[in-house]
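Visitor: Here you go, this is my_file_34.pdb (PDB, C-alpha atoms).
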```pdb
MODEL        1
ATOM      1  CA  MET A   1     128.681  96.061 120.579
ATOM      2  CA  SER A   2     131.853  94.582 119.157
ATOM      3  CA  ALA A   3     130.212  93.167 116.051
ATOM      4  CA  LYS A   4     129.251  96.703 115.064
ATOM      5  CA  THR A   5     132.529  98.421 115.826
ATOM      6  CA  ARG A   6     135.421  96.056 115.188
ATOM      7  CA  LEU A   7     137.008  95.958 111.728
ATOM      8  CA  ARG A   8     138.952  92.913 110.604
ATOM      9  CA  ALA A   9     142.275  93.356 108.812
ATOM     10  CA  ASN A  10     141.960  95.298 105.540
ATOM     11  CA  GLU A  11     138.207  95.801 105.800
ATOM     12  CA  THR A  12     137.005  99.245 104.806
ATOM     13  CA  ALA A  13     134.234 101.310 106.364
ATOM     14  CA  ILE A  14     133.007 104.682 105.110
ATOM     15  CA  ASP A  15     131.377 107.644 106.800
ATOM     16  CA  LEU A  16     127.716 107.749 105.944
ATOM     17  CA  PRO A  17     125.087 110.408 106.447
ATOM     18  CA  PRO A  18     122.031 109.273 108.382
ATOM     19  CA  PRO A  19     119.806 107.049 106.251
ATOM     20  CA  GLY A  20     116.539 108.633 105.279
ATOM     21  CA  ASP A  21     115.803 108.131 101.607
ATOM     22  CA  ALA A  22     112.811 105.888 102.283
ATOM     23  CA  THR A  23     111.191 104.281 105.268
ATOM     24  CA  LEU A  24     110.127 100.738 105.985
ATOM     25  CA  ARG A  25     107.170  99.462 107.941
ATOM     26  CA  PHE A  26     107.639  96.100 109.599
ATOM     27  CA  VAL A  27     104.692  93.825 108.787
ATOM     28  CA  GLY A  28     105.449  91.202 111.430
ATOM     29  CA  ARG A  29     108.166  89.192 113.102
ATOM     30  CA  ILE A  30     109.938  85.973 112.198
ATOM     31  CA  ARG A  31     110.187  83.256 114.833
ATOM     32  CA  THR A  32     113.085  80.837 114.386
ATOM     33  CA  PRO A  33     114.919  78.426 116.705
ATOM     34  CA  PHE A  34     118.048  80.598 116.340
ATOM     35  CA  LYS A  35     118.348  82.731 119.461
ATOM     36  CA  THR A  36     121.868  84.104 118.866
ATOM     37  CA  ARG A  37     123.999  84.810 115.823
ATOM     38  CA  ALA A  38     126.114  81.788 116.706
ATOM     39  CA  ASP A  39     122.998  79.593 116.462
ATOM     40  CA  CYS A  40     122.179  80.756 112.912
ATOM     41  CA  PRO A  41     123.250  78.473 110.069
ATOM     42  CA  ARG A  42     125.268  80.150 107.316
ATOM     43  CA  GLN A  43     122.531  79.463 104.787
ATOM     44  CA  GLY A  44     118.990  78.247 105.252
ATOM     45  CA  ARG A  45     118.058  74.775 104.022
ATOM     46  CA  GLN A  46     114.643  73.813 102.755
ATOM     47  CA  ASP A  47     114.801  70.764 105.011
ATOM     48  CA  GLY A  48     115.669  72.981 107.980
ATOM     49  CA  PRO A  49     113.469  73.547 111.026
ATOM     50  CA  GLU A  50     110.003  75.066 110.833
ATOM     51  CA  CYS A  51     109.972  78.834 111.257
ATOM     52  CA  ARG A  52     106.983  81.150 111.637
ATOM     53  CA  LEU A  53     106.244  84.345 109.750
ATOM     54  CA  GLU A  54     103.936  86.058 112.264
ATOM     55  CA  LEU A  55     102.163  88.920 110.517
ATOM     56  CA  ASP A  56     100.454  91.770 112.271
ATOM     57  CA  PRO A  57      96.742  90.840 112.004
ATOM     58  CA  VAL A  58      95.969  93.864 109.805
ATOM     59  CA  TRP A  59      97.913  92.110 107.014
ATOM     60  CA  GLU A  60      96.107  88.765 107.259
ATOM     61  CA  PRO A  61      93.928  89.395 104.153
ATOM     62  CA  ALA A  62      97.121  89.977 102.176
ATOM     63  CA  LEU A  63      97.900  86.248 102.558
ATOM     64  CA  HIS A  64      94.882  85.211 100.478
ATOM     65  CA  GLY A  65      96.106  82.810  97.807
ATOM     66  CA  ILE A  66      99.530  82.179  99.271
ATOM     67  CA  GLU A  67      98.788  78.471  99.717
ATOM     68  CA  GLY A  68      99.135  78.127  95.945
ATOM     69  CA  TYR A  69     102.909  78.516  96.048
ATOM     70  CA  GLU A  70     105.320  75.778  97.053
ATOM     71  CA  THR A  71     108.163  78.238  97.551
ATOM     72  CA  LEU A  72     108.103  81.853  98.655
ATOM     73  CA  GLU A  73     110.584  84.699  98.710
ATOM     74  CA  VAL A  74     110.857  86.307 102.155
ATOM     75  CA  LEU A  75     112.383  89.730 102.829
ATOM     76  CA  TYR A  76     113.420  90.780 106.318
ATOM     77  CA  TRP A  77     115.411  93.437 108.113
ATOM     78  CA  LEU A  78     118.773  92.365 109.509
ATOM     79  CA  HIS A  79     118.398  94.652 112.468
ATOM     80  CA  GLU A  80     121.718  93.891 114.155
ATOM     81  CA  SER A  81     123.943  94.623 111.157
ATOM     82  CA  ARG A  82     126.308  97.541 110.702
ATOM     83  CA  ARG A  83     125.827  99.352 107.399
ATOM     84  CA  ASP A  84     129.068 101.136 106.583
ATOM     85  CA  LEU A  85     131.405  98.387 105.306
ATOM     86  CA  VAL A  86     132.367  98.567 101.628
ATOM     87  CA  THR A  87     134.867  95.705 101.791
ATOM     88  CA  GLN A  88     134.747  92.762 104.172
ATOM     89  CA  SER A  89     136.989  89.898 105.210
ATOM     90  CA  PRO A  90     134.684  87.000 106.090
ATOM     91  CA  ARG A  91     137.600  84.720 106.977
ATOM     92  CA  ASP A  92     139.387  87.460 108.949
ATOM     93  CA  ASP A  93     142.577  86.679 107.022
ATOM     94  CA  GLY A  94     143.272  90.120 105.529
ATOM     95  CA  ARG A  95     141.748  89.227 102.145
ATOM     96  CA  THR A  96     138.706  91.315 101.366
ATOM     97  CA  THR A  97     135.759  91.209  98.995
ATOM     98  CA  GLY A  98     133.331  93.986  98.112
ATOM     99  CA  THR A  99     130.093  94.041 100.057
ATOM    100  CA  PHE A 100     128.044  93.664  96.855
ATOM    101  CA  ALA A 101     129.956  90.477  95.987
ATOM    102  CA  LEU A 102     129.005  88.929  99.342
ATOM    103  CA  ARG A 103     125.713  87.792 100.866
ATOM    104  CA  SER A 104     126.882  88.908 104.309
ATOM    105  CA  PRO A 105     124.198  90.543 106.502
ATOM    106  CA  VAL A 106     126.487  93.590 106.696
ATOM    107  CA  ARG A 107     125.375  95.893 103.853
ATOM    108  CA  PRO A 108     124.226  99.482 103.336
ATOM    109  CA  ASN A 109     120.600  98.363 103.398
ATOM    110  CA  PRO A 110     120.585  95.196 105.513
ATOM    111  CA  ILE A 111     117.698  93.433 103.796
ATOM    112  CA  GLY A 112     117.852  89.650 103.851
ATOM    113  CA  THR A 113     116.201  87.606 101.110
ATOM    114  CA  SER A 114     115.511  83.879 101.351
ATOM    115  CA  MET A 115     113.687  81.325  99.259
ATOM    116  CA  VAL A 116     111.639  79.188 101.640
ATOM    117  CA  ARG A 117     109.339  76.201 101.416
ATOM    118  CA  PHE A 118     105.696  76.840 102.322
ATOM    119  CA  VAL A 119     104.545  74.371 104.996
ATOM    120  CA  ARG A 120     101.128  75.657 106.133
ATOM    121  CA  ARG A 121      99.180  78.730 107.078
ATOM    122  CA  GLU A 122      97.631  79.331 110.492
ATOM    123  CA  GLY A 123      95.572  82.528 110.170
ATOM    124  CA  PRO A 124      98.037  85.433 110.125
ATOM    125  CA  VAL A 125     100.996  83.038 110.492
ATOM    126  CA  VAL A 126     102.822  81.341 107.632
ATOM    127  CA  VAL A 127     104.935  78.325 108.611
ATOM    128  CA  VAL A 128     107.959  77.786 106.358
ATOM    129  CA  ARG A 129     111.303  75.982 106.184
ATOM    130  CA  GLY A 130     114.575  77.387 104.872
ATOM    131  CA  LEU A 131     115.349  80.465 106.972
ATOM    132  CA  ASP A 132     118.649  81.188 108.677
ATOM    133  CA  CYS A 133     117.836  84.447 110.504
ATOM    134  CA  LEU A 134     117.681  85.313 114.177
ATOM    135  CA  ASP A 135     114.530  84.761 116.197
ATOM    136  CA  GLY A 136     112.614  88.053 116.320
ATOM    137  CA  THR A 137     113.850  89.364 112.966
ATOM    138  CA  PRO A 138     111.456  92.020 111.563
ATOM    139  CA  LEU A 139     109.509  90.850 108.513
ATOM    140  CA  LEU A 140     109.306  93.138 105.464
ATOM    141  CA  ASP A 141     107.629  91.203 102.670
ATOM    142  CA  ILE A 142     106.535  87.844 101.265
ATOM    143  CA  LYS A 143     106.362  87.252  97.509
ATOM    144  CA  PRO A 144     105.631  84.182  95.388
ATOM    145  CA  ASN A 145     108.754  82.538  93.981
ATOM    146  CA  ARG A 146     109.372  84.370  90.711
ATOM    147  CA  CYS A 147     109.985  81.076  88.919
ATOM    148  CA  GLN A 148     106.532  79.736  89.842
ATOM    149  CA  TYR A 149     104.740  83.008  89.275
ATOM    150  CA  THR A 150     102.854  84.039  86.182
ATOM    151  CA  PRO A 151     101.456  87.569  86.093
ATOM    152  CA  GLN A 152      97.661  87.496  86.112
ATOM    153  CA  VAL A 153      97.533  89.891  83.186
ATOM    154  CA  PRO A 154      98.969  88.914  79.819
ATOM    155  CA  PRO A 155     102.437  90.093  78.750
ATOM    156  CA  LYS A 156     102.546  93.423  77.023
ATOM    157  CA  PRO A 157     103.184  93.314  73.281
ATOM    158  CA  VAL A 158     106.815  93.704  72.270
ATOM    159  CA  ASP A 159     107.469  96.495  69.780
TER     160      ASP A 159
ATOM    161  CA  MET B 160      98.062 110.575  90.904
ATOM    162  CA  SER B 161      95.366 108.165  89.843
ATOM    163  CA  ALA B 162      97.532 105.057  90.157
ATOM    164  CA  LYS B 163      97.926 105.837  93.852
ATOM    165  CA  THR B 164      94.331 106.645  94.663
ATOM    166  CA  ARG B 165      92.004 104.531  92.545
ATOM    167  CA  LEU B 166      90.848 101.162  93.833
ATOM    168  CA  ARG B 167      89.644  98.518  91.419
ATOM    169  CA  ALA B 168      86.508  96.510  92.242
ATOM    170  CA  ASN B 169      86.830  94.505  95.474
ATOM    171  CA  GLU B 170      90.370  95.641  96.233
ATOM    172  CA  THR B 171      91.022  96.445  99.882
ATOM    173  CA  ALA B 172      93.164  99.204 101.326
ATOM    174  CA  ILE B 173      93.884  99.745 105.004
ATOM    175  CA  ASP B 174      94.732 102.804 107.072
ATOM    176  CA  LEU B 175      98.388 102.762 107.989
ATOM    177  CA  PRO B 176     100.426 104.835 110.408
ATOM    178  CA  PRO B 177     103.404 106.609 108.859
ATOM    179  CA  PRO B 178     106.212 104.179 108.110
ATOM    180  CA  GLY B 179     109.238 104.589 110.302
ATOM    181  CA  ASP B 180     110.458 101.262 111.620
ATOM    182  CA  ALA B 181     113.713 101.431 109.656
ATOM    183  CA  THR B 182     115.239 103.689 107.057
ATOM    184  CA  LEU B 183     116.855 103.002 103.720
ATOM    185  CA  ARG B 184     119.757 104.730 102.057
ATOM    186  CA  PHE B 185     119.719 104.679  98.270
ATOM    187  CA  VAL B 186     123.113 103.526  96.952
ATOM    188  CA  GLY B 187     122.550 104.628  93.361
ATOM    189  CA  ARG B 188     120.062 104.745  90.523
ATOM    190  CA  ILE B 189     119.005 102.254  87.864
ATOM    191  CA  ARG B 190     118.975 103.392  84.240
ATOM    192  CA  THR B 191     116.629 101.438  81.980
ATOM    193  CA  PRO B 192     115.015 102.129  78.597
ATOM    194  CA  PHE B 193     111.601 102.150  80.327
ATOM    195  CA  LYS B 194     110.563 105.765  80.781
ATOM    196  CA  THR B 195     106.954 105.197  81.868
ATOM    197  CA  ARG B 196     105.089 102.399  83.621
ATOM    198  CA  ALA B 197     103.473 101.531  80.297
ATOM    199  CA  ASP B 198     106.957 100.924  78.839
ATOM    200  CA  CYS B 199     107.936  98.437  81.542
ATOM    201  CA  PRO B 200     107.636  94.753  80.673
ATOM    202  CA  ARG B 201     105.674  92.659  83.157
ATOM    203  CA  GLN B 202     108.747  90.625  84.007
ATOM    204  CA  GLY B 203     112.392  91.154  83.126
ATOM    205  CA  ARG B 204     114.071  88.751  80.700
ATOM    206  CA  GLN B 205     117.721  87.844  80.805
ATOM    207  CA  ASP B 206     117.872  88.507  77.061
ATOM    208  CA  GLY B 207     116.278  91.922  77.585
ATOM    209  CA  PRO B 208     117.975  95.274  76.978
ATOM    210  CA  GLU B 209     121.103  96.383  78.787
ATOM    211  CA  CYS B 210     120.401  98.370  81.950
ATOM    212  CA  ARG B 211     122.848 100.242  84.169
ATOM    213  CA  LEU B 212     123.193 100.062  87.947
ATOM    214  CA  GLU B 213     124.856 103.438  88.594
ATOM    215  CA  LEU B 214     126.275 103.440  92.111
ATOM    216  CA  ASP B 215     127.237 106.516  94.045
ATOM    217  CA  PRO B 216     131.050 106.560  93.764
ATOM    218  CA  VAL B 217     131.502 106.040  97.505
ATOM    219  CA  TRP B 218     130.246 102.475  96.996
ATOM    220  CA  GLU B 219     132.586 101.585  94.120
ATOM    221  CA  PRO B 220     134.956  99.500  96.316
ATOM    222  CA  ALA B 221     131.949  97.414  97.364
ATOM    223  CA  LEU B 222     131.823  96.022  93.802
ATOM    224  CA  HIS B 223     135.198  94.292  94.159
ATOM    225  CA  GLY B 224     134.753  90.674  93.089
ATOM    226  CA  ILE B 225     131.353  91.084  91.479
ATOM    227  CA  GLU B 226     132.700  90.030  88.084
ATOM    228  CA  GLY B 227     132.866  86.482  89.443
ATOM    229  CA  TYR B 228     129.090  86.041  89.307
ATOM    230  CA  GLU B 229     127.105  85.329  86.174
ATOM    231  CA  THR B 230     123.824  86.299  87.804
ATOM    232  CA  LEU B 231     123.099  88.825  90.512
ATOM    233  CA  GLU B 232     120.165  89.635  92.729
ATOM    234  CA  VAL B 233     119.198  93.319  92.574
ATOM    235  CA  LEU B 234     116.999  95.094  95.134
ATOM    236  CA  TYR B 235     115.408  98.446  94.379
ATOM    237  CA  TRP B 236     112.793 100.817  95.711
ATOM    238  CA  LEU B 237     109.531 100.990  93.755
ATOM    239  CA  HIS B 238     109.157 104.647  94.497
ATOM    240  CA  GLU B 239     105.863 105.198  92.674
ATOM    241  CA  SER B 240     103.891 102.461  94.421
ATOM    242  CA  ARG B 241     101.123 102.873  96.924
ATOM    243  CA  ARG B 242     101.626 100.803 100.078
ATOM    244  CA  ASP B 243      98.233 100.258 101.657
ATOM    245  CA  LEU B 244      96.577  97.527  99.547
ATOM    246  CA  VAL B 245      96.027  94.182 101.239
ATOM    247  CA  THR B 246      94.087  92.652  98.333
ATOM    248  CA  GLN B 247      94.470  93.528  94.676
ATOM    249  CA  SER B 248      92.691  92.808  91.414
ATOM    250  CA  PRO B 249      95.379  92.772  88.710
ATOM    251  CA  ARG B 250      92.851  92.054  85.960
ATOM    252  CA  ASP B 251      90.395  94.638  87.304
ATOM    253  CA  ASP B 252      87.640  92.020  87.112
ATOM    254  CA  GLY B 253      86.497  92.039  90.730
ATOM    255  CA  ARG B 254      88.515  88.933  91.633
ATOM    256  CA  THR B 255      91.188  89.701  94.184
ATOM    257  CA  THR B 256      94.355  88.087  95.502
ATOM    258  CA  GLY B 257      96.320  88.943  98.639
ATOM    259  CA  THR B 258      99.257  91.269  98.181
ATOM    260  CA  PHE B 259     101.683  88.638  99.532
ATOM    261  CA  ALA B 260     100.507  86.164  96.883
ATOM    262  CA  LEU B 261     101.335  88.655  94.111
ATOM    263  CA  ARG B 262     104.580  90.105  92.780
ATOM    264  CA  SER B 263     102.849  93.432  92.110
ATOM    265  CA  PRO B 264     104.913  96.552  92.883
ATOM    266  CA  VAL B 265     102.116  97.615  95.216
ATOM    267  CA  ARG B 266     103.077  96.273  98.671
ATOM    268  CA  PRO B 267     103.603  97.559 102.222
ATOM    269  CA  ASN B 268     107.346  97.794 101.600
ATOM    270  CA  PRO B 269     107.704  98.315  97.840
ATOM    271  CA  ILE B 270     111.039  96.569  97.387
ATOM    272  CA  GLY B 271     111.567  94.974  93.994
ATOM    273  CA  THR B 272     113.869  91.980  93.596
ATOM    274  CA  SER B 273     115.194  90.724  90.262
ATOM    275  CA  MET B 274     117.676  88.120  89.133
ATOM    276  CA  VAL B 275     119.795  89.697  86.402
ATOM    277  CA  ARG B 276     122.617  88.642  84.119
ATOM    278  CA  PHE B 277     125.951  90.382  84.698
ATOM    279  CA  VAL B 278     127.219  91.912  81.431
ATOM    280  CA  ARG B 279     130.187  94.093  82.441
ATOM    281  CA  ARG B 280     131.422  96.575  84.970
ATOM    282  CA  GLU B 281     132.447 100.155  84.137
ATOM    283  CA  GLY B 282     133.910 101.616  87.346
ATOM    284  CA  PRO B 283     130.982 102.348  89.657
ATOM    285  CA  VAL B 284     128.476 101.125  87.047
ATOM    286  CA  VAL B 285     127.329  97.530  86.616
ATOM    287  CA  VAL B 286     125.704  96.731  83.269
ATOM    288  CA  VAL B 287     123.113  93.952  83.459
ATOM    289  CA  ARG B 288     120.194  92.418  81.567
ATOM    290  CA  GLY B 289     116.903  91.256  83.052
ATOM    291  CA  LEU B 290     115.347  94.286  84.733
ATOM    292  CA  ASP B 291     111.797  95.522  84.224
ATOM    293  CA  CYS B 292     111.781  98.666  86.380
ATOM    294  CA  LEU B 293     111.353 102.323  85.520
ATOM    295  CA  ASP B 294     114.310 104.446  84.477
ATOM    296  CA  GLY B 295     115.555 106.295  87.545
ATOM    297  CA  THR B 296     114.503 103.667  90.091
ATOM    298  CA  PRO B 297     116.508 103.987  93.337
ATOM    299  CA  LEU B 298     118.975 101.130  93.894
ATOM    300  CA  LEU B 299     119.084  99.447  97.314
ATOM    301  CA  ASP B 300     121.407  96.456  97.040
ATOM    302  CA  ILE B 301     123.247  93.981  94.825
ATOM    303  CA  LYS B 302     123.952  90.426  96.006
ATOM    304  CA  PRO B 303     125.476  87.375  94.322
ATOM    305  CA  ASN B 304     122.884  84.867  93.145
ATOM    306  CA  ARG B 305     122.327  82.649  96.160
ATOM    307  CA  CYS B 306     122.507  79.532  93.979
ATOM    308  CA  GLN B 307     126.020  80.403  92.758
ATOM    309  CA  TYR B 308     127.254  81.625  96.119
ATOM    310  CA  THR B 309     129.264  79.662  98.626
ATOM    311  CA  PRO B 310     129.996  81.348 101.953
ATOM    312  CA  GLN B 311     133.713  82.031 102.305
ATOM    313  CA  VAL B 312     133.747  80.492 105.752
ATOM    314  CA  PRO B 313     132.920  76.816 106.231
ATOM    315  CA  PRO B 314     129.437  75.776 107.343
ATOM    316  CA  LYS B 315     128.915  75.625 111.055
ATOM    317  CA  PRO B 316     128.745  72.144 112.544
ATOM    318  CA  VAL B 317     125.259  70.742 112.972
ATOM    319  CA  ASP B 318     124.414  69.587 116.499
TER     320      ASP B 318
ENDMDL
END
```
Let me see whether you can do it: turn the structure in this file into structure tokens.
Guide:
Amino acid sequence: MSAKTRLRANETAIDLPPPGDATLRFVGRIRTPFKTRADCPRQGRQDGPECRLELDPVWEPALHGIEGYETLEVLYWLHESRRDLVTQSPRDDGRTTGTFALRSPVRPNPIGTSMVRFVRREGPVVVVRGLDCLDGTPLLDIKPNRCQYTPQVPPKPVD
Amino acid sequence: MSAKTRLRANETAIDLPPPGDATLRFVGRIRTPFKTRADCPRQGRQDGPECRLELDPVWEPALHGIEGYETLEVLYWLHESRRDLVTQSPRDDGRTTGTFALRSPVRPNPIGTSMVRFVRREGPVVVVRGLDCLDGTPLLDIKPNRCQYTPQVPPKPVD
């Protein structure tokens, strides 16, 4: 697939050993209106279309209490991304930026993170707005927005 | 290890098949002053102690341009966390909340995310403030803060 093999001018790829330091377990799939990469917006908008976080039913109890958060952090696996680029040229103009100074889906561990607006829950499905990923993207995690979240146990004393 | 086996009152664990849907490659290690879980603050503070993101040297070129961001998003692997709890009782009082409505390190894919303040870069090391993780935590990714980031290519036209 050309998106995985073609380098733009001055981009740098490295040889990597097979990944294997830790393993992920997909907890569901994300349904969006974006069927191809060309359909995906560059960044999600909280007034964007409704998208569905469809969890495997075994995880449904893990959603208990999620209605209390207006915004959620969603982690997902960018399953179509190559992983070996250290510098990238988003404009394809020969100027490059380091992968860790970009939010490109191309990264050594292609984990996408988005802040989304909670719309409603339908059993094991959470409906949200604000995603920009492909339809069918594997879901890794949902967390309350860190800015709205207070740990349920008190802070530890500072020395 | 007791932290991985003991359930608090009313917490729920499920039986899981071995993970294996996708694999991660650690890109470095995080050095913090927090040597044990008891040392870790509940949430990182941007005026907290300096911590070091020590990348494997092969990834050093991927840091090019990172100095341009005041805050960064850091992803890391919470390597000591159990992964099978669907409900948890942080206060150990019998009241439980779903894992996806908590920011607990215990989750099916124990990926931590933090927003940190960039302090300086020293070759393949990025010095930051704002982390709360254990010393030695495996590093997965660094991304510019999404709020400060503008894609280098123009937005796609909206239909």
Visitor: Hey, can you check how far CA of Ala22 (chain A) sits from CA of Leu299 (chain B)?
Guide: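 About the pair CA of Ala22 (chain A) and CA of Leu299 (chain B): they are 10.3 Å apart.
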Visitor: Go ahead and align chain B to chain A (same sequence, so just pair every C-alpha in order, least squares) and export the moved chain as a CSV table (one decimal) with C-alpha atoms, keeping the file's coordinate frame.
Guide:
```
chain,number,residue,atom,x,y,z
B,160,MET,CA,128.6,96.0,120.6
B,161,SER,CA,131.8,94.6,119.2
B,162,ALA,CA,130.2,93.1,116.1
B,163,LYS,CA,129.2,96.7,115.1
B,164,THR,CA,132.5,98.4,115.8
B,165,ARG,CA,135.4,96.0,115.2
B,166,LEU,CA,137.0,95.9,111.7
B,167,ARG,CA,138.9,92.9,110.6
B,168,ALA,CA,142.3,93.3,108.8
B,169,ASN,CA,141.9,95.3,105.6
B,170,GLU,CA,138.2,95.8,105.8
B,171,THR,CA,137.0,99.3,104.8
B,172,ALA,CA,134.2,101.3,106.4
B,173,ILE,CA,133.0,104.7,105.1
B,174,ASP,CA,131.4,107.7,106.8
B,175,LEU,CA,127.7,107.8,105.9
B,176,PRO,CA,125.1,110.4,106.5
B,177,PRO,CA,122.0,109.3,108.4
B,178,PRO,CA,119.8,107.1,106.3
B,179,GLY,CA,116.5,108.6,105.3
B,180,ASP,CA,115.8,108.2,101.6
B,181,ALA,CA,112.8,105.9,102.3
B,182,THR,CA,111.2,104.3,105.3
B,183,LEU,CA,110.1,100.7,106.0
B,184,ARG,CA,107.2,99.5,107.9
B,185,PHE,CA,107.6,96.1,109.6
B,186,VAL,CA,104.7,93.8,108.8
B,187,GLY,CA,105.4,91.2,111.4
B,188,ARG,CA,108.2,89.2,113.1
B,189,ILE,CA,110.0,86.0,112.2
B,190,ARG,CA,110.2,83.3,114.8
B,191,THR,CA,113.1,80.8,114.4
B,192,PRO,CA,114.9,78.4,116.7
B,193,PHE,CA,118.1,80.6,116.3
B,194,LYS,CA,118.4,82.7,119.4
B,195,THR,CA,121.9,84.1,118.9
B,196,ARG,CA,124.0,84.8,115.8
B,197,ALA,CA,126.1,81.8,116.7
B,198,ASP,CA,123.0,79.6,116.4
B,199,CYS,CA,122.2,80.8,112.9
B,200,PRO,CA,123.3,78.5,110.1
B,201,ARG,CA,125.3,80.1,107.3
B,202,GLN,CA,122.5,79.5,104.8
B,203,GLY,CA,119.0,78.3,105.2
B,204,ARG,CA,118.1,74.8,104.0
B,205,GLN,CA,114.6,73.8,102.7
B,206,ASP,CA,114.8,70.8,105.0
B,207,GLY,CA,115.7,73.0,108.0
B,208,PRO,CA,113.5,73.5,111.0
B,209,GLU,CA,110.0,75.1,110.8
B,210,CYS,CA,110.0,78.8,111.3
B,211,ARG,CA,107.0,81.1,111.6
B,212,LEU,CA,106.3,84.4,109.7
B,213,GLU,CA,104.0,86.1,112.3
B,214,LEU,CA,102.2,88.9,110.5
B,215,ASP,CA,100.4,91.8,112.3
B,216,PRO,CA,96.7,90.8,112.0
B,217,VAL,CA,96.0,93.9,109.8
B,218,TRP,CA,97.9,92.1,107.0
B,219,GLU,CA,96.1,88.8,107.3
B,220,PRO,CA,93.9,89.4,104.2
B,221,ALA,CA,97.1,90.0,102.2
B,222,LEU,CA,97.9,86.3,102.6
B,223,HIS,CA,94.9,85.2,100.5
B,224,GLY,CA,96.1,82.8,97.8
B,225,ILE,CA,99.5,82.2,99.3
B,226,GLU,CA,98.8,78.5,99.7
B,227,GLY,CA,99.1,78.1,95.9
B,228,TYR,CA,102.9,78.5,96.0
B,229,GLU,CA,105.3,75.8,97.0
B,230,THR,CA,108.2,78.3,97.5
B,231,LEU,CA,108.1,81.9,98.6
B,232,GLU,CA,110.6,84.7,98.7
B,233,VAL,CA,110.9,86.3,102.1
B,234,LEU,CA,112.4,89.7,102.8
B,235,TYR,CA,113.4,90.8,106.3
B,236,TRP,CA,115.4,93.5,108.1
B,237,LEU,CA,118.8,92.4,109.5
B,238,HIS,CA,118.4,94.7,112.5
B,239,GLU,CA,121.7,93.9,114.1
B,240,SER,CA,123.9,94.6,111.1
B,241,ARG,CA,126.3,97.5,110.7
B,242,ARG,CA,125.8,99.3,107.4
B,243,ASP,CA,129.1,101.1,106.6
B,244,LEU,CA,131.4,98.4,105.3
B,245,VAL,CA,132.4,98.6,101.6
B,246,THR,CA,134.9,95.7,101.8
B,247,GLN,CA,134.7,92.8,104.2
B,248,SER,CA,137.0,89.9,105.2
B,249,PRO,CA,134.7,87.0,106.1
B,250,ARG,CA,137.6,84.7,107.0
B,251,ASP,CA,139.4,87.4,108.9
B,252,ASP,CA,142.6,86.7,107.0
B,253,GLY,CA,143.3,90.1,105.5
B,254,ARG,CA,141.7,89.2,102.2
B,255,THR,CA,138.7,91.3,101.4
B,256,THR,CA,135.8,91.2,99.0
B,257,GLY,CA,133.3,94.0,98.1
B,258,THR,CA,130.1,94.0,100.1
B,259,PHE,CA,128.0,93.7,96.9
B,260,ALA,CA,129.9,90.5,96.0
B,261,LEU,CA,129.0,88.9,99.3
B,262,ARG,CA,125.7,87.8,100.9
B,263,SER,CA,126.9,88.9,104.3
B,264,PRO,CA,124.2,90.6,106.5
B,265,VAL,CA,126.5,93.6,106.7
B,266,ARG,CA,125.4,95.9,103.8
B,267,PRO,CA,124.2,99.5,103.3
B,268,ASN,CA,120.6,98.4,103.4
B,269,PRO,CA,120.6,95.2,105.5
B,270,ILE,CA,117.7,93.4,103.8
B,271,GLY,CA,117.9,89.7,103.8
B,272,THR,CA,116.2,87.6,101.1
B,273,SER,CA,115.5,83.9,101.3
B,274,MET,CA,113.7,81.3,99.3
B,275,VAL,CA,111.6,79.2,101.6
B,276,ARG,CA,109.3,76.2,101.4
B,277,PHE,CA,105.7,76.9,102.3
B,278,VAL,CA,104.6,74.4,105.0
B,279,ARG,CA,101.1,75.7,106.1
B,280,ARG,CA,99.2,78.7,107.1
B,281,GLU,CA,97.6,79.3,110.5
B,282,GLY,CA,95.6,82.5,110.2
B,283,PRO,CA,98.0,85.4,110.1
B,284,VAL,CA,101.0,83.0,110.5
B,285,VAL,CA,102.8,81.3,107.6
B,286,VAL,CA,104.9,78.3,108.6
B,287,VAL,CA,108.0,77.8,106.4
B,288,ARG,CA,111.3,76.0,106.2
B,289,GLY,CA,114.6,77.4,104.9
B,290,LEU,CA,115.3,80.5,107.0
B,291,ASP,CA,118.6,81.2,108.7
B,292,CYS,CA,117.8,84.5,110.5
B,293,LEU,CA,117.7,85.3,114.2
B,294,ASP,CA,114.5,84.8,116.2
B,295,GLY,CA,112.6,88.0,116.3
B,296,THR,CA,113.9,89.4,113.0
B,297,PRO,CA,111.5,92.0,111.6
B,298,LEU,CA,109.5,90.8,108.5
B,299,LEU,CA,109.3,93.1,105.5
B,300,ASP,CA,107.6,91.2,102.7
B,301,ILE,CA,106.5,87.9,101.3
B,302,LYS,CA,106.4,87.3,97.5
B,303,PRO,CA,105.6,84.2,95.4
B,304,ASN,CA,108.7,82.5,94.0
B,305,ARG,CA,109.4,84.4,90.7
B,306,CYS,CA,110.0,81.1,88.9
B,307,GLN,CA,106.5,79.7,89.8
B,308,TYR,CA,104.7,83.0,89.3
B,309,THR,CA,102.8,84.0,86.2
B,310,PRO,CA,101.4,87.6,86.1
B,311,GLN,CA,97.7,87.5,86.1
B,312,VAL,CA,97.5,89.9,83.2
B,313,PRO,CA,98.9,88.9,79.8
B,314,PRO,CA,102.4,90.1,78.8
B,315,LYS,CA,102.5,93.4,77.1
B,316,PRO,CA,103.1,93.3,73.3
B,317,VAL,CA,106.8,93.7,72.3
B,318,ASP,CA,107.4,96.5,69.8
```
Visitor: For Arg305 (chain B), list every protein, DNA or RNA residue within 10 Å, evaluated using all atoms listed in the file, and leave out those in the same chain fewer than 6 positions away; present the list as JSON, numbers by chain.
Guide: {"A": [43, 102, 103, 113, 114, 115], "B": [230, 231, 232]}
Visitor: Counting all atoms listed in the file, which residue out of A:Leu78, A:Leu85, A:Cys51, A:Val119 sits closest to Asn10 (chain A)?
Guide: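 Of the candidates, the smallest distance to Asn10 (chain A) is held by A:Leu85.
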